[in-house]
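Written below as structure tokens is the structure these notes are about.
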Amino acid sequence: MSWEPSPLEQKRLEKLTCFEEEFGINPFPLRVERTHTSAEATADFPDDENADPVVVTVCGRLMSMRDMGKTVFAHVEDGYGRIQLFLRRGEVEEESHRMFRKLLDLGDFVQATGALFRTRAGEVSVRVTEWKILSKSVSPLPVVKEQEVDGVTVRFSGFSNIEERYRQRYADLAVNPEVRDLFKIRSKIISSIRRFFDDNDFLEVETPILQPLYGGAAARPFTTHHNQLKQDLYLRISFELYLKRLLVGGIERVYEIGRDFRNEGVSFKHNPEFTMIEFYAAYWDYYDVMDFTERMLITVAEEVLGKTTLTYEEHDIDLAGPWQRISMRDAIKQHAEIDYMDHLDAESLAKAIKEIGGHVTPGASWGKLIDGLFGDYVEPKLIQPTFITTYPRDISPLAKGIPDDPMHTERFEYFIAGMEMGNAFTELNDPIDQRRRFEELQELYANDDDESNPIDEDYIRAMRYGMPPNGGFGAGIDRMVMLFTNKNTIREVLLFPHLREKE
């Protein structure tokens, strides 16, 4: 796509040329000098009014400028805050003063040197004696507007179309400090999770992103091809089968934080690539995993938010345990008034769901019908942290079965604010049963690309060497960030969400 400069951009290009040709100044210099960030400069301002002046060199993006002729007030912003620049004719060279007034635009990056002082309004500022341009902004940043709404000052992002915020996240970050703050919180959440696992004797590892077989979840993969090896490969949909191989190898507690990729629909809580945390612990079952999950969320909330309570949309949520635990069967009986154990085949259950006005996907298995019933009638009502336990066997191929109950497994998902946040099992470690499960699924979902997975013979071979009993867990970090930052779409918490091509 070629670029045709707008009239405003053309004016900025002319200023850029003026720097180069009239004054011999490179508007994109090779070297930068900075002695203080904006925060450090403000902190170093002496309390004693008789102290020697502190001379600083600060750098940042020009965010405001008030030209009063002889005197210019401006604010520059760096990654640590803002600081005011004060330029007065006579304190900088005449030519330099004129260049600042006439050739700089909002959005330009500048370097400024001078002594710190406090203005009459009490603002710590830099009395500039010299400055230089660091980077010329050719395109103007979106203009952020402030407006009084019901007595409260509201900032509007400067983008007329919200999708443009996501498409131009760089500009969104540049003009909206609250967006930068959100992604700092995201980083703190991931750091806190990592620290929690490290403190609990888990080993962080990296497993293949390009895999010869995909598995560990029910999802459609992205496919690619390795030219030299003449081999089709898949972007992973889960870490699970590789992490559990490491249990076979003697690593008792293992986790990974990274990206998964699923060739699925896009929604307020789905993106084709997303960040996951998965862990597996030898000699644990799903009760141990529940307890650990509670502790993890509580710890992260305390470290990141300083409390275990938060607000999501109109709901006040308390992460402090113990969380509610209820079986999927009992939850559906409570909210949909169907006992699916009265309907032990797909045909009968589908009829019962239709009778209460529910949605039925044609050809869905018994377990998929139960999962759909749960999603429609129960999930939106699970506002406070809740573990839903005891899932149907045919949608839980990697979970251990429950003794004397051939229909269910030791699997849970946990829900907060009406969203599924994570998934866990008492992991199946019987290679014979595992192969049988894989074969059953291939037959059951033979015509369903989203559910049918190839049989990973190497994974079964690993299990044949002996896999310790273990509990495992996987959760989407993006949804956790949504929860902690009160955002109702995953696009807000991804720096670069996937979007349709512009028409």
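Identifiers for the structure tokens are assigned positionally: chains receive A, B, ... in sequence, residues are indexed from 1 per chain, and ligands are indexed from 1 in the order shown.
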Strand (DSSP E or B) per DSSP on the backbone: members of segment 68-97 of chain A, as a PyMOL selection string | chain A and resi 71-78+81-89+92
Could you turn the residues from that selection into a file that holds C-alpha atoms, as a PDB file, in the first residue's frame?
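Result saved to part14.pdb:
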```pdb
ATOM      1  CA  THR A  71       8.958  31.987  26.145  1.00  0.00           C
ATOM      2  CA  VAL A  72       7.884  28.443  25.233  1.00  0.00           C
ATOM      3  CA  PHE A  73       6.435  25.891  27.645  1.00  0.00           C
ATOM      4  CA  ALA A  74       6.402  22.288  26.469  1.00  0.00           C
ATOM      5  CA  HIS A  75       5.940  18.833  27.935  1.00  0.00           C
ATOM      6  CA  VAL A  76       7.913  15.781  26.914  1.00  0.00           C
ATOM      7  CA  GLU A  77       6.858  12.263  27.854  1.00  0.00           C
ATOM      8  CA  ASP A  78       9.051   9.225  28.283  1.00  0.00           C
ATOM      9  CA  GLY A  81       6.130  10.128  33.042  1.00  0.00           C
ATOM     10  CA  ARG A  82       6.188  13.737  31.844  1.00  0.00           C
ATOM     11  CA  ILE A  83       8.330  16.745  32.563  1.00  0.00           C
ATOM     12  CA  GLN A  84       7.976  20.360  31.473  1.00  0.00           C
ATOM     13  CA  LEU A  85      10.543  22.156  29.326  1.00  0.00           C
ATOM     14  CA  PHE A  86      10.969  25.914  29.661  1.00  0.00           C
ATOM     15  CA  LEU A  87      12.699  27.754  26.815  1.00  0.00           C
ATOM     16  CA  ARG A  88      13.352  31.486  26.928  1.00  0.00           C
ATOM     17  CA  ARG A  89      14.956  33.535  24.219  1.00  0.00           C
ATOM     18  CA  VAL A  92      19.107  29.322  24.283  1.00  0.00           C
TER      19      VAL A  92
END
```
Residues within 12 Å of Asn26 of chain A, only C-alpha atoms, excluding chain neighbours under 2 positions, as a ChimeraX atom specification | /A:15-24,28-31,132-136
Selection export as a PDB file, in the first residue's frame, atoms kept: C-alpha atoms:
```pdb
ATOM      1  CA  LYS A  15      10.099  20.905   8.246  1.00  0.00           C
ATOM      2  CA  LEU A  16      12.148  17.726   8.143  1.00  0.00           C
ATOM      3  CA  THR A  17      13.800  18.917   4.935  1.00  0.00           C
ATOM      4  CA  CYS A  18      14.452  22.306   6.534  1.00  0.00           C
ATOM      5  CA  PHE A  19      16.338  20.651   9.403  1.00  0.00           C
ATOM      6  CA  GLU A  20      18.498  18.815   6.896  1.00  0.00           C
ATOM      7  CA  GLU A  21      19.086  21.393   4.177  1.00  0.00           C
ATOM      8  CA  GLU A  22      18.855  24.787   5.902  1.00  0.00           C
ATOM      9  CA  PHE A  23      20.522  23.889   9.197  1.00  0.00           C
ATOM     10  CA  GLY A  24      22.499  20.748   8.322  1.00  0.00           C
ATOM     11  CA  PHE A  28      17.273  11.134  13.166  1.00  0.00           C
ATOM     12  CA  PRO A  29      20.710  11.322  14.853  1.00  0.00           C
ATOM     13  CA  LEU A  30      22.840   8.297  15.622  1.00  0.00           C
ATOM     14  CA  ARG A  31      23.593   9.101  19.255  1.00  0.00           C
ATOM     15  CA  LYS A 132      18.256  18.630  19.740  1.00  0.00           C
ATOM     16  CA  ILE A 133      15.758  16.675  17.745  1.00  0.00           C
ATOM     17  CA  LEU A 134      15.937  12.890  18.031  1.00  0.00           C
ATOM     18  CA  SER A 135      13.163  11.782  15.687  1.00  0.00           C
ATOM     19  CA  LYS A 136      10.784  13.723  13.475  1.00  0.00           C
TER      20      LYS A 136
END
```
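Between atom CA of Leu373 of chain A and atom CA of Arg435 of chain A the interatomic distance comes to 28.5 Å.
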May I ask which of the residues A:Asn50, A:Leu499, A:Ile257, A:Asp478 is the closest one to Phe274 of chain A, counting only C-alpha atoms?
->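 Ranked by minimum distance to Phe274 of chain A, first place goes to A:Asp478.
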Of the candidates A:Met328, A:Ile395, A:Ala424, A:Ile383, which one gets nearest to Phe279 of chain A if we count only C-alpha atoms?
->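 Under the stated criterion, the closest residue is A:Ala424.
Checking A:Gly258, A:Gly60, A:Gly249, A:Gln211 one by one against Leu235 of chain A, counting only C-alpha atoms, you find the shortest gap at A:Gln211.
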Within 9 Å of segment 396-400 of chain A, counting only C-alpha atoms, which residues qualify if same-chain residues fewer than 2 places away don't, as a PyMOL selection string?
-> chain A and resi 216+367+391-394+402+408-411+424-430+434+437-438+441
Residues flagged helix (DSSP H, G or I) by DSSP in segment 112-354 of chain A, as a count of residues only | 85
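Here atom CA of Lys333 of chain A and atom CA of Ala417 of chain A stand 20.4 Å from one another.
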Compare A:Arg259, A:Glu303, A:Gly401, A:Asp288 by their minimum atom-to-atom distance to Ala475 of chain A, counting only C-alpha atoms, and give me the closest one.
->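 Nearest to Ala475 of chain A: A:Arg259.
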Using only C-alpha atoms, the residue out of A:Thr308, A:Ser125, A:Ser139, A:Thr57 with shortest distance to Asp108 of chain A is A:Ser139
Using only C-alpha atoms, which residues sit within 8 Å of Gly418 of chain A once same-chain residues fewer than 2 positions away are excluded, as a PyMOL selection string?
-> chain A and resi 379-383+415-416+420
Got a sec: who's within 10 Å of Pro177 of chain A, counting only C-alpha atoms, leaving out chain neighbours fewer than 5 positions off, as a list in words?
->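 Answer for this query is Gly79, Gly81, Asp172 and Leu182 of chain A.
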Among the residues A:Val55, A:Ile388, A:Ala219, A:Val179, the one that comes closest to Asn453 of chain A [using only C-alpha atoms] =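 Of A:Val55, A:Ile388, A:Ala219, A:Val179, the one nearest Asn453 of chain A, counting only C-alpha atoms, is A:Ala219.
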